$ cat start_16.cif   # mmCIF, N, CA and C atoms
data_final
loop_
_atom_site.group_PDB
_atom_site.id
_atom_site.type_symbol
_atom_site.label_atom_id
_atom_site.label_comp_id
_atom_site.auth_asym_id
_atom_site.auth_seq_id
_atom_site.Cartn_x
_atom_site.Cartn_y
_atom_site.Cartn_z
ATOM 1 N N MET A 1 -60.692 11.927 -26.969
ATOM 2 C CA MET A 1 -60.801 13.346 -27.253
ATOM 3 C C MET A 1 -61.842 14.010 -26.344
ATOM 4 N N ASP A 2 -62.952 13.304 -26.096
ATOM 5 C CA ASP A 2 -63.993 13.867 -25.242
ATOM 6 C C ASP A 2 -63.503 14.070 -23.818
ATOM 7 N N MET A 3 -62.638 13.165 -23.352
ATOM 8 C CA MET A 3 -62.085 13.291 -22.004
ATOM 9 C C MET A 3 -61.194 14.519 -21.908
ATOM 10 N N MET A 4 -60.426 14.805 -22.963
ATOM 11 C CA MET A 4 -59.543 15.970 -22.973
ATOM 12 C C MET A 4 -60.367 17.258 -22.899
ATOM 13 N N ILE A 5 -61.455 17.314 -23.612
ATOM 14 C CA ILE A 5 -62.316 18.504 -23.576
ATOM 15 C C ILE A 5 -62.898 18.680 -22.176
ATOM 16 N N LEU A 6 -63.317 17.582 -21.554
ATOM 17 C CA LEU A 6 -63.837 17.652 -20.189
ATOM 18 C C LEU A 6 -62.772 18.156 -19.224
ATOM 19 N N ILE A 7 -61.558 17.667 -19.354
ATOM 20 C CA ILE A 7 -60.461 18.101 -18.486
ATOM 21 C C ILE A 7 -60.192 19.591 -18.660
ATOM 22 N N ILE A 8 -60.157 20.057 -19.904
ATOM 23 C CA ILE A 8 -59.906 21.481 -20.168
ATOM 24 C C ILE A 8 -61.021 22.341 -19.581
ATOM 25 N N VAL A 9 -62.263 21.914 -19.743
ATOM 26 C CA VAL A 9 -63.396 22.674 -19.192
ATOM 27 C C VAL A 9 -63.315 22.715 -17.665
ATOM 28 N N LEU A 10 -62.993 21.596 -17.035
ATOM 29 C CA LEU A 10 -62.895 21.569 -15.576
ATOM 30 C C LEU A 10 -61.745 22.439 -15.076
ATOM 31 N N MET A 11 -60.620 22.442 -15.785
ATOM 32 C CA MET A 11 -59.499 23.298 -15.388
ATOM 33 C C MET A 11 -59.859 24.773 -15.558
ATOM 34 N N ALA A 12 -60.549 25.098 -16.632
ATOM 35 C CA ALA A 12 -60.976 26.485 -16.837
ATOM 36 C C ALA A 12 -61.942 26.903 -15.733
ATOM 37 N N LEU A 13 -62.830 26.008 -15.370
ATOM 38 C CA LEU A 13 -63.782 26.292 -14.298
ATOM 39 C C LEU A 13 -63.062 26.500 -12.967
ATOM 40 N N ALA A 14 -62.082 25.655 -12.677
ATOM 41 C CA ALA A 14 -61.315 25.795 -11.431
ATOM 42 C C ALA A 14 -60.575 27.127 -11.407
ATOM 43 N N THR A 15 -59.995 27.505 -12.527
ATOM 44 C CA THR A 15 -59.274 28.775 -12.600
ATOM 45 C C THR A 15 -60.231 29.948 -12.422
ATOM 46 N N PHE A 16 -61.377 29.904 -13.102
ATOM 47 C CA PHE A 16 -62.355 30.976 -12.994
ATOM 48 C C PHE A 16 -62.874 31.111 -11.567
ATOM 49 N N LEU A 17 -63.212 29.971 -10.959
ATOM 50 C CA LEU A 17 -63.779 30.021 -9.609
ATOM 51 C C LEU A 17 -62.785 30.548 -8.588
ATOM 52 N N THR A 18 -61.515 30.186 -8.716
ATOM 53 C CA THR A 18 -60.543 30.696 -7.755
ATOM 54 C C THR A 18 -60.344 32.198 -7.928
ATOM 55 N N ARG A 19 -60.405 32.677 -9.157
ATOM 56 C CA ARG A 19 -60.292 34.130 -9.369
ATOM 57 C C ARG A 19 -61.530 34.853 -8.868
ATOM 58 N N ARG A 20 -62.682 34.289 -9.135
ATOM 59 C CA ARG A 20 -63.943 34.893 -8.710
ATOM 60 C C ARG A 20 -64.069 34.854 -7.180
ATOM 61 N N LEU A 21 -63.548 33.812 -6.586
ATOM 62 C CA LEU A 21 -63.610 33.655 -5.134
ATOM 63 C C LEU A 21 -62.977 34.836 -4.422
ATOM 64 N N MET A 22 -61.917 35.353 -4.961
ATOM 65 C CA MET A 22 -61.242 36.493 -4.336
ATOM 66 C C MET A 22 -62.115 37.740 -4.324
ATOM 67 N N LEU A 23 -63.064 37.821 -5.231
ATOM 68 C CA LEU A 23 -63.916 39.007 -5.319
ATOM 69 C C LEU A 23 -65.168 38.913 -4.452
ATOM 70 N N ILE A 24 -65.678 37.692 -4.222
ATOM 71 C CA ILE A 24 -66.970 37.586 -3.551
ATOM 72 C C ILE A 24 -66.888 37.143 -2.094
ATOM 73 N N VAL A 25 -65.804 36.501 -1.689
ATOM 74 C CA VAL A 25 -65.675 36.046 -0.299
ATOM 75 C C VAL A 25 -65.194 37.214 0.553
ATOM 76 N N PRO A 26 -65.793 37.399 1.723
ATOM 77 C CA PRO A 26 -65.368 38.498 2.604
ATOM 78 C C PRO A 26 -63.878 38.408 2.947
ATOM 79 N N GLU A 27 -63.306 39.530 3.165
ATOM 80 C CA GLU A 27 -61.868 39.657 3.408
ATOM 81 C C GLU A 27 -61.389 38.852 4.620
ATOM 82 N N LYS A 28 -62.239 38.699 5.628
ATOM 83 C CA LYS A 28 -61.801 37.996 6.842
ATOM 84 C C LYS A 28 -61.569 36.508 6.613
ATOM 85 N N TYR A 29 -62.160 35.913 5.568
ATOM 86 C CA TYR A 29 -61.976 34.488 5.290
ATOM 87 C C TYR A 29 -60.775 34.209 4.391
ATOM 88 N N LEU A 30 -60.396 35.188 3.640
ATOM 89 C CA LEU A 30 -59.254 35.000 2.741
ATOM 90 C C LEU A 30 -58.034 35.687 3.329
ATOM 91 N N THR A 31 -57.232 34.919 4.002
ATOM 92 C CA THR A 31 -56.014 35.488 4.570
ATOM 93 C C THR A 31 -55.007 35.723 3.446
ATOM 94 N N LEU A 32 -53.944 36.397 3.765
ATOM 95 C CA LEU A 32 -52.910 36.688 2.771
ATOM 96 C C LEU A 32 -52.292 35.411 2.212
ATOM 97 N N SER A 33 -52.073 34.420 3.075
ATOM 98 C CA SER A 33 -51.473 33.165 2.591
ATOM 99 C C SER A 33 -52.422 32.409 1.657
ATOM 100 N N VAL A 34 -53.728 32.453 1.916
ATOM 101 C CA VAL A 34 -54.707 31.811 1.029
ATOM 102 C C VAL A 34 -54.724 32.517 -0.323
ATOM 103 N N LYS A 35 -54.707 33.849 -0.304
ATOM 104 C CA LYS A 35 -54.690 34.604 -1.556
ATOM 105 C C LYS A 35 -53.445 34.284 -2.370
ATOM 106 N N ARG A 36 -52.304 34.225 -1.714
ATOM 107 C CA ARG A 36 -51.066 33.891 -2.429
ATOM 108 C C ARG A 36 -51.143 32.491 -3.020
ATOM 109 N N GLY A 37 -51.704 31.558 -2.280
ATOM 110 C CA GLY A 37 -51.836 30.187 -2.772
ATOM 111 C C GLY A 37 -52.742 30.094 -3.982
ATOM 112 N N LEU A 38 -53.845 30.842 -3.971
ATOM 113 C CA LEU A 38 -54.777 30.818 -5.095
ATOM 114 C C LEU A 38 -54.175 31.415 -6.367
ATOM 115 N N LEU A 39 -53.200 32.274 -6.224
ATOM 116 C CA LEU A 39 -52.565 32.857 -7.400
ATOM 117 C C LEU A 39 -51.792 31.821 -8.221
ATOM 118 N N TYR A 40 -51.439 30.691 -7.610
ATOM 119 C CA TYR A 40 -50.671 29.666 -8.311
ATOM 120 C C TYR A 40 -51.541 28.648 -9.042
ATOM 121 N N VAL A 41 -52.843 28.720 -8.908
ATOM 122 C CA VAL A 41 -53.728 27.765 -9.581
ATOM 123 C C VAL A 41 -53.600 27.841 -11.104
ATOM 124 N N PRO A 42 -53.643 29.019 -11.730
ATOM 125 C CA PRO A 42 -53.503 29.048 -13.190
ATOM 126 C C PRO A 42 -52.159 28.490 -13.663
ATOM 127 N N ILE A 43 -51.099 28.738 -12.919
ATOM 128 C CA ILE A 43 -49.794 28.204 -13.300
ATOM 129 C C ILE A 43 -49.812 26.684 -13.220
ATOM 130 N N GLY A 44 -50.445 26.145 -12.192
ATOM 131 C CA GLY A 44 -50.558 24.695 -12.054
ATOM 132 C C GLY A 44 -51.372 24.066 -13.172
ATOM 133 N N VAL A 45 -52.455 24.736 -13.566
ATOM 134 C CA VAL A 45 -53.275 24.243 -14.672
ATOM 135 C C VAL A 45 -52.461 24.252 -15.967
ATOM 136 N N PHE A 46 -51.755 25.330 -16.212
ATOM 137 C CA PHE A 46 -50.927 25.436 -17.417
ATOM 138 C C PHE A 46 -49.859 24.347 -17.429
ATOM 139 N N ALA A 47 -49.200 24.138 -16.305
ATOM 140 C CA ALA A 47 -48.181 23.087 -16.221
ATOM 141 C C ALA A 47 -48.803 21.714 -16.438
ATOM 142 N N GLY A 48 -49.988 21.509 -15.924
ATOM 143 C CA GLY A 48 -50.682 20.236 -16.121
ATOM 144 C C GLY A 48 -51.035 19.967 -17.570
ATOM 145 N N LEU A 49 -51.222 21.005 -18.340
ATOM 146 C CA LEU A 49 -51.490 20.837 -19.766
ATOM 147 C C LEU A 49 -50.213 20.655 -20.578
ATOM 148 N N ILE A 50 -49.138 21.334 -20.205
ATOM 149 C CA ILE A 50 -47.911 21.340 -20.998
ATOM 150 C C ILE A 50 -47.013 20.138 -20.713
ATOM 151 N N PHE A 51 -46.795 19.803 -19.456
ATOM 152 C CA PHE A 51 -45.815 18.764 -19.123
ATOM 153 C C PHE A 51 -46.130 17.393 -19.713
ATOM 154 N N PRO A 52 -47.389 16.938 -19.735
ATOM 155 C CA PRO A 52 -47.640 15.646 -20.388
ATOM 156 C C PRO A 52 -47.265 15.647 -21.874
ATOM 157 N N THR A 53 -47.434 16.779 -22.533
ATOM 158 C CA THR A 53 -47.041 16.878 -23.941
ATOM 159 C C THR A 53 -45.542 16.728 -24.102
ATOM 160 N N LEU A 54 -44.796 17.258 -23.156
ATOM 161 C CA LEU A 54 -43.337 17.209 -23.251
ATOM 162 C C LEU A 54 -42.759 15.848 -22.885
ATOM 163 N N PHE A 55 -43.389 15.132 -21.965
ATOM 164 C CA PHE A 55 -42.746 13.951 -21.404
ATOM 165 C C PHE A 55 -43.505 12.640 -21.560
ATOM 166 N N LEU A 56 -44.736 12.647 -22.034
ATOM 167 C CA LEU A 56 -45.504 11.405 -22.127
ATOM 168 C C LEU A 56 -45.971 11.139 -23.547
ATOM 169 N N GLU A 57 -45.939 9.862 -23.904
ATOM 170 C CA GLU A 57 -46.491 9.421 -25.184
ATOM 171 C C GLU A 57 -47.080 8.038 -24.963
ATOM 172 N N GLU A 58 -48.384 7.912 -25.145
ATOM 173 C CA GLU A 58 -49.111 6.664 -24.914
ATOM 174 C C GLU A 58 -48.863 6.111 -23.511
ATOM 175 N N GLY A 59 -48.794 6.986 -22.532
ATOM 176 C CA GLY A 59 -48.624 6.594 -21.149
ATOM 177 C C GLY A 59 -47.204 6.240 -20.741
ATOM 178 N N GLN A 60 -46.270 6.363 -21.651
ATOM 179 C CA GLN A 60 -44.871 6.041 -21.372
ATOM 180 C C GLN A 60 -44.049 7.321 -21.295
ATOM 181 N N LEU A 61 -43.064 7.321 -20.401
ATOM 182 C CA LEU A 61 -42.169 8.465 -20.274
ATOM 183 C C LEU A 61 -41.181 8.456 -21.432
ATOM 184 N N VAL A 62 -41.159 9.531 -22.202
ATOM 185 C CA VAL A 62 -40.253 9.647 -23.349
ATOM 186 C C VAL A 62 -39.631 11.039 -23.346
ATOM 187 N N TRP A 63 -38.521 11.153 -24.033
ATOM 188 C CA TRP A 63 -37.859 12.448 -24.202
ATOM 189 C C TRP A 63 -38.106 12.908 -25.629
ATOM 190 N N LYS A 64 -38.955 13.884 -25.798
ATOM 191 C CA LYS A 64 -39.226 14.468 -27.117
ATOM 192 C C LYS A 64 -38.314 15.680 -27.259
ATOM 193 N N MET A 65 -37.157 15.453 -27.835
ATOM 194 C CA MET A 65 -36.137 16.491 -27.854
ATOM 195 C C MET A 65 -36.583 17.751 -28.600
ATOM 196 N N ASP A 66 -37.341 17.603 -29.689
ATOM 197 C CA ASP A 66 -37.789 18.796 -30.408
ATOM 198 C C ASP A 66 -38.726 19.641 -29.544
ATOM 199 N N TYR A 67 -39.627 18.998 -28.801
ATOM 200 C CA TYR A 67 -40.532 19.734 -27.915
ATOM 201 C C TYR A 67 -39.769 20.360 -26.751
ATOM 202 N N LEU A 68 -38.828 19.607 -26.195
ATOM 203 C CA LEU A 68 -38.047 20.128 -25.074
ATOM 204 C C LEU A 68 -37.188 21.315 -25.491
ATOM 205 N N LEU A 69 -36.565 21.238 -26.669
ATOM 206 C CA LEU A 69 -35.771 22.369 -27.166
ATOM 207 C C LEU A 69 -36.643 23.592 -27.400
ATOM 208 N N THR A 70 -37.831 23.362 -27.925
ATOM 209 C CA THR A 70 -38.755 24.471 -28.150
ATOM 210 C C THR A 70 -39.190 25.094 -26.825
ATOM 211 N N ALA A 71 -39.427 24.274 -25.821
ATOM 212 C CA ALA A 71 -39.792 24.800 -24.498
ATOM 213 C C ALA A 71 -38.660 25.646 -23.932
ATOM 214 N N VAL A 72 -37.423 25.188 -24.094
ATOM 215 C CA VAL A 72 -36.270 25.963 -23.610
ATOM 216 C C VAL A 72 -36.169 27.286 -24.360
ATOM 217 N N VAL A 73 -36.368 27.258 -25.677
ATOM 218 C CA VAL A 73 -36.335 28.496 -26.472
ATOM 219 C C VAL A 73 -37.426 29.456 -25.992
ATOM 220 N N CYS A 74 -38.632 28.951 -25.761
ATOM 221 C CA CYS A 74 -39.728 29.799 -25.268
ATOM 222 C C CYS A 74 -39.396 30.419 -23.922
ATOM 223 N N ILE A 75 -38.843 29.627 -23.023
ATOM 224 C CA ILE A 75 -38.494 30.139 -21.693
ATOM 225 C C ILE A 75 -37.414 31.207 -21.794
ATOM 226 N N LEU A 76 -36.400 30.952 -22.626
ATOM 227 C CA LEU A 76 -35.328 31.940 -22.788
ATOM 228 C C LEU A 76 -35.843 33.233 -23.417
ATOM 229 N N LEU A 77 -36.724 33.117 -24.412
ATOM 230 C CA LEU A 77 -37.302 34.319 -25.019
ATOM 231 C C LEU A 77 -38.164 35.082 -24.013
ATOM 232 N N MET A 78 -38.878 34.344 -23.171
ATOM 233 C CA MET A 78 -39.707 34.994 -22.153
ATOM 234 C C MET A 78 -38.842 35.723 -21.130
ATOM 235 N N LEU A 79 -37.753 35.091 -20.724
ATOM 236 C CA LEU A 79 -36.846 35.742 -19.769
ATOM 237 C C LEU A 79 -36.192 36.975 -20.386
ATOM 238 N N TRP A 80 -35.912 36.904 -21.680
ATOM 239 C CA TRP A 80 -35.229 38.006 -22.365
ATOM 240 C C TRP A 80 -36.163 39.193 -22.592
ATOM 241 N N LYS A 81 -37.315 38.949 -23.196
ATOM 242 C CA LYS A 81 -38.215 40.041 -23.583
ATOM 243 C C LYS A 81 -39.361 40.306 -22.602
ATOM 244 N N LYS A 82 -39.658 39.349 -21.734
ATOM 245 C CA LYS A 82 -40.784 39.473 -20.793
ATOM 246 C C LYS A 82 -42.103 39.718 -21.543
ATOM 247 N N ASP A 83 -42.258 39.018 -22.664
ATOM 248 C CA ASP A 83 -43.438 39.182 -23.507
ATOM 249 C C ASP A 83 -43.932 37.794 -23.924
ATOM 250 N N PHE A 84 -45.137 37.431 -23.473
ATOM 251 C CA PHE A 84 -45.672 36.107 -23.757
ATOM 252 C C PHE A 84 -45.877 35.889 -25.252
ATOM 253 N N LEU A 85 -46.441 36.863 -25.943
ATOM 254 C CA LEU A 85 -46.706 36.717 -27.371
ATOM 255 C C LEU A 85 -45.406 36.537 -28.158
ATOM 256 N N PHE A 86 -44.391 37.305 -27.834
ATOM 257 C CA PHE A 86 -43.087 37.176 -28.488
ATOM 258 C C PHE A 86 -42.509 35.775 -28.251
ATOM 259 N N SER A 87 -42.622 35.297 -27.026
ATOM 260 C CA SER A 87 -42.127 33.968 -26.683
ATOM 261 C C SER A 87 -42.893 32.886 -27.439
ATOM 262 N N PHE A 88 -44.203 33.024 -27.517
ATOM 263 C CA PHE A 88 -45.035 32.052 -28.223
ATOM 264 C C PHE A 88 -44.701 32.011 -29.709
ATOM 265 N N ILE A 89 -44.617 33.179 -30.326
ATOM 266 C CA ILE A 89 -44.318 33.232 -31.760
ATOM 267 C C ILE A 89 -42.902 32.729 -32.027
ATOM 268 N N GLY A 90 -41.952 33.092 -31.181
ATOM 269 C CA GLY A 90 -40.580 32.598 -31.337
ATOM 270 C C GLY A 90 -40.504 31.091 -31.216
ATOM 271 N N GLY A 91 -41.209 30.517 -30.253
ATOM 272 C CA GLY A 91 -41.240 29.065 -30.098
ATOM 273 C C GLY A 91 -41.906 28.383 -31.267
ATOM 274 N N LEU A 92 -42.982 28.987 -31.762
ATOM 275 C CA LEU A 92 -43.682 28.440 -32.919
ATOM 276 C C LEU A 92 -42.787 28.433 -34.149
ATOM 277 N N LEU A 93 -42.100 29.535 -34.393
ATOM 278 C CA LEU A 93 -41.174 29.605 -35.528
ATOM 279 C C LEU A 93 -40.023 28.612 -35.359
ATOM 280 N N PHE A 94 -39.553 28.441 -34.126
ATOM 281 C CA PHE A 94 -38.461 27.508 -33.869
ATOM 282 C C PHE A 94 -38.877 26.070 -34.170
ATOM 283 N N ILE A 95 -40.064 25.651 -33.713
ATOM 284 C CA ILE A 95 -40.499 24.267 -33.941
ATOM 285 C C ILE A 95 -40.790 24.021 -35.413
ATOM 286 N N VAL A 96 -41.325 25.023 -36.108
ATOM 287 C CA VAL A 96 -41.560 24.863 -37.549
ATOM 288 C C VAL A 96 -40.238 24.723 -38.286
ATOM 289 N N ALA A 97 -39.255 25.563 -37.940
ATOM 290 C CA ALA A 97 -37.947 25.466 -38.571
ATOM 291 C C ALA A 97 -37.275 24.128 -38.234
ATOM 292 N N LEU A 98 -37.415 23.674 -37.010
ATOM 293 C CA LEU A 98 -36.818 22.407 -36.591
ATOM 294 C C LEU A 98 -37.460 21.237 -37.354
ATOM 295 N N GLN A 99 -38.758 21.267 -37.515
ATOM 296 C CA GLN A 99 -39.447 20.201 -38.267
ATOM 297 C C GLN A 99 -39.071 20.256 -39.743
ATOM 298 N N PHE A 100 -38.857 21.451 -40.280
ATOM 299 C CA PHE A 100 -38.469 21.609 -41.678
ATOM 300 C C PHE A 100 -37.072 21.051 -41.909
ATOM 301 N N ILE A 101 -36.169 21.283 -40.941
ATOM 302 C CA ILE A 101 -34.790 20.803 -41.073
ATOM 303 C C ILE A 101 -34.737 19.293 -40.953
ATOM 304 N N MET A 102 -35.527 18.743 -40.043
ATOM 305 C CA MET A 102 -35.522 17.287 -39.842
ATOM 306 C C MET A 102 -36.248 16.658 -40.993
#

$ encode --input "start_16.cif" --output "structure tokens"
Amino acid sequence: MDMMILIIVLMALATFLTRRLMLIVPEKYLTLSVKRGLLYVPIGVFAGLIFPTLFLEEGQLVWKMDYLLTAVVCILLMLWKKDFLFSFIGGLLFIVALQFIM
């Protein structure tokens, strides 16, 4: 558990520093391609947190169908409404209903 907290803190720090870097580094050092690349850091951190939950259990590759279905529902709701909170609540309700049915 302590390792997970350390990982989350380091990812938050990396995300904060890359965002802050855009504000304090002079414009001549941050080219357009560097700025575009830095915009993908938060997405990479988020994917790094989510994908192990979906595909790993005790270091083994597994298919957690309830989690995968919920991820698909969240993605579809996000594409439909373009609202993160709506997608999150819809996914949460879906997984609760799925666990209740099972």

$ atom_distance --input "start_16.cif" --atom1 "atom C of Arg36 (chain A)" --atom2 "CA of Ala12 (chain A)"
18.0 Å

$ atom_distance --input "start_16.cif" --atom1 "CA of Phe55 (chain A)" --atom2 "CA of Tyr67 (chain A)"
9.0 Å

$ residues_around --input "start_16.cif" --residues "Tyr40 (chain A)" --least-positions-apart "5" --cutoff "12 Å" --atoms "only C-alpha atoms" --output "MDAnalysis selection string"
chainID A and resid 14:15 18:19 33:35 45:47

$ atom_distance --input "start_16.cif" --atom1 "atom N of Asp2 (chain A)" --atom2 "atom N of Phe16 (chain A)"
21.1 Å

$ axis_aligned_box --input "start_16.cif" --around "region 61-80 of chain A" --padding-each-side "6 Å" --output "JSON"
{"center_x": -39.1, "center_y": 23.3, "center_z": -25.1, "size_x": 19.8, "size_y": 43.9, "size_z": 22.6}

$ resolve_selection --input "start_16.cif" --expression "the PyMOL selection byres ((chain A and resi 54) around 6.5)" --output "PyMOL selection string"
chain A and resi 50-53+55-56+62-64+67-68

$ select_by_dssp --input "start_16.cif" --residues "region 1-35 of chain A" --states "helix (DSSP H, G or I)" --output "list in words"
Asp2, Met3, Met4, Ile5, Leu6, Ile7, Ile8, Val9, Leu10, Met11, Ala12, Leu13, Ala14, Thr15, Phe16, Leu17, Thr18, Arg19, Arg20, Leu21, Met22, Leu23, Ile24, Leu32, Ser33, Val34 and Lys35 of chain A

$ write_last_selection --input "start_16.cif" --atoms "N, CA and C atoms" --output "PDB file, in the frame of the given file"
ATOM      1  N   ASP A   2     -62.952  13.304 -26.096  1.00  0.00           N
ATOM      2  CA  ASP A   2     -63.993  13.867 -25.242  1.00  0.00           C
ATOM      3  C   ASP A   2     -63.503  14.070 -23.818  1.00  0.00           C
ATOM      4  N   MET A   3     -62.638  13.165 -23.352  1.00  0.00           N
ATOM      5  CA  MET A   3     -62.085  13.291 -22.004  1.00  0.00           C
ATOM      6  C   MET A   3     -61.194  14.519 -21.908  1.00  0.00           C
ATOM      7  N   MET A   4     -60.426  14.805 -22.963  1.00  0.00           N
ATOM      8  CA  MET A   4     -59.543  15.970 -22.973  1.00  0.00           C
ATOM      9  C   MET A   4     -60.367  17.258 -22.899  1.00  0.00           C
ATOM     10  N   ILE A   5     -61.455  17.314 -23.612  1.00  0.00           N
ATOM     11  CA  ILE A   5     -62.316  18.504 -23.576  1.00  0.00           C
ATOM     12  C   ILE A   5     -62.898  18.680 -22.176  1.00  0.00           C
ATOM     13  N   LEU A   6     -63.317  17.582 -21.554  1.00  0.00           N
ATOM     14  CA  LEU A   6     -63.837  17.652 -20.189  1.00  0.00           C
ATOM     15  C   LEU A   6     -62.772  18.156 -19.224  1.00  0.00           C
ATOM     16  N   ILE A   7     -61.558  17.667 -19.354  1.00  0.00           N
ATOM     17  CA  ILE A   7     -60.461  18.101 -18.486  1.00  0.00           C
ATOM     18  C   ILE A   7     -60.192  19.591 -18.660  1.00  0.00           C
ATOM     19  N   ILE A   8     -60.157  20.057 -19.904  1.00  0.00           N
ATOM     20  CA  ILE A   8     -59.906  21.481 -20.168  1.00  0.00           C
ATOM     21  C   ILE A   8     -61.021  22.341 -19.581  1.00  0.00           C
ATOM     22  N   VAL A   9     -62.263  21.914 -19.743  1.00  0.00           N
ATOM     23  CA  VAL A   9     -63.396  22.674 -19.192  1.00  0.00           C
ATOM     24  C   VAL A   9     -63.315  22.715 -17.665  1.00  0.00           C
ATOM     25  N   LEU A  10     -62.993  21.596 -17.035  1.00  0.00           N
ATOM     26  CA  LEU A  10     -62.895  21.569 -15.576  1.00  0.00           C
ATOM     27  C   LEU A  10     -61.745  22.439 -15.076  1.00  0.00           C
ATOM     28  N   MET A  11     -60.620  22.442 -15.785  1.00  0.00           N
ATOM     29  CA  MET A  11     -59.499  23.298 -15.388  1.00  0.00           C
ATOM     30  C   MET A  11     -59.859  24.773 -15.558  1.00  0.00           C
ATOM     31  N   ALA A  12     -60.549  25.098 -16.632  1.00  0.00           N
ATOM     32  CA  ALA A  12     -60.976  26.485 -16.837  1.00  0.00           C
ATOM     33  C   ALA A  12     -61.942  26.903 -15.733  1.00  0.00           C
ATOM     34  N   LEU A  13     -62.830  26.008 -15.370  1.00  0.00           N
ATOM     35  CA  LEU A  13     -63.782  26.292 -14.298  1.00  0.00           C
ATOM     36  C   LEU A  13     -63.062  26.500 -12.967  1.00  0.00           C
ATOM     37  N   ALA A  14     -62.082  25.655 -12.677  1.00  0.00           N
ATOM     38  CA  ALA A  14     -61.315  25.795 -11.431  1.00  0.00           C
ATOM     39  C   ALA A  14     -60.575  27.127 -11.407  1.00  0.00           C
ATOM     40  N   THR A  15     -59.995  27.505 -12.527  1.00  0.00           N
ATOM     41  CA  THR A  15     -59.274  28.775 -12.600  1.00  0.00           C
ATOM     42  C   THR A  15     -60.231  29.948 -12.422  1.00  0.00           C
ATOM     43  N   PHE A  16     -61.377  29.904 -13.102  1.00  0.00           N
ATOM     44  CA  PHE A  16     -62.355  30.976 -12.994  1.00  0.00           C
ATOM     45  C   PHE A  16     -62.874  31.111 -11.567  1.00  0.00           C
ATOM     46  N   LEU A  17     -63.212  29.971 -10.959  1.00  0.00           N
ATOM     47  CA  LEU A  17     -63.779  30.021  -9.609  1.00  0.00           C
ATOM     48  C   LEU A  17     -62.785  30.548  -8.588  1.00  0.00           C
ATOM     49  N   THR A  18     -61.515  30.186  -8.716  1.00  0.00           N
ATOM     50  CA  THR A  18     -60.543  30.696  -7.755  1.00  0.00           C
ATOM     51  C   THR A  18     -60.344  32.198  -7.928  1.00  0.00           C
ATOM     52  N   ARG A  19     -60.405  32.677  -9.157  1.00  0.00           N
ATOM     53  CA  ARG A  19     -60.292  34.130  -9.369  1.00  0.00           C
ATOM     54  C   ARG A  19     -61.530  34.853  -8.868  1.00  0.00           C
ATOM     55  N   ARG A  20     -62.682  34.289  -9.135  1.00  0.00           N
ATOM     56  CA  ARG A  20     -63.943  34.893  -8.710  1.00  0.00           C
ATOM     57  C   ARG A  20     -64.069  34.854  -7.180  1.00  0.00           C
ATOM     58  N   LEU A  21     -63.548  33.812  -6.586  1.00  0.00           N
ATOM     59  CA  LEU A  21     -63.610  33.655  -5.134  1.00  0.00           C
ATOM     60  C   LEU A  21     -62.977  34.836  -4.422  1.00  0.00           C
ATOM     61  N   MET A  22     -61.917  35.353  -4.961  1.00  0.00           N
ATOM     62  CA  MET A  22     -61.242  36.493  -4.336  1.00  0.00           C
ATOM     63  C   MET A  22     -62.115  37.740  -4.324  1.00  0.00           C
ATOM     64  N   LEU A  23     -63.064  37.821  -5.231  1.00  0.00           N
ATOM     65  CA  LEU A  23     -63.916  39.007  -5.319  1.00  0.00           C
ATOM     66  C   LEU A  23     -65.168  38.913  -4.452  1.00  0.00           C
ATOM     67  N   ILE A  24     -65.678  37.692  -4.222  1.00  0.00           N
ATOM     68  CA  ILE A  24     -66.970  37.586  -3.551  1.00  0.00           C
ATOM     69  C   ILE A  24     -66.888  37.143  -2.094  1.00  0.00           C
ATOM     70  N   LEU A  32     -53.944  36.397   3.765  1.00  0.00           N
ATOM     71  CA  LEU A  32     -52.910  36.688   2.771  1.00  0.00           C
ATOM     72  C   LEU A  32     -52.292  35.411   2.212  1.00  0.00           C
ATOM     73  N   SER A  33     -52.073  34.420   3.075  1.00  0.00           N
ATOM     74  CA  SER A  33     -51.473  33.165   2.591  1.00  0.00           C
ATOM     75  C   SER A  33     -52.422  32.409   1.657  1.00  0.00           C
ATOM     76  N   VAL A  34     -53.728  32.453   1.916  1.00  0.00           N
ATOM     77  CA  VAL A  34     -54.707  31.811   1.029  1.00  0.00           C
ATOM     78  C   VAL A  34     -54.724  32.517  -0.323  1.00  0.00           C
ATOM     79  N   LYS A  35     -54.707  33.849  -0.304  1.00  0.00           N
ATOM     80  CA  LYS A  35     -54.690  34.604  -1.556  1.00  0.00           C
ATOM     81  C   LYS A  35     -53.445  34.284  -2.370  1.00  0.00           C
TER      82      LYS A  35
END

$ select_by_dssp --input "start_16.cif" --residues "chain A" --states "strand (DSSP E or B)" --output "ChimeraX atom specification"
/A:56-57,60-61
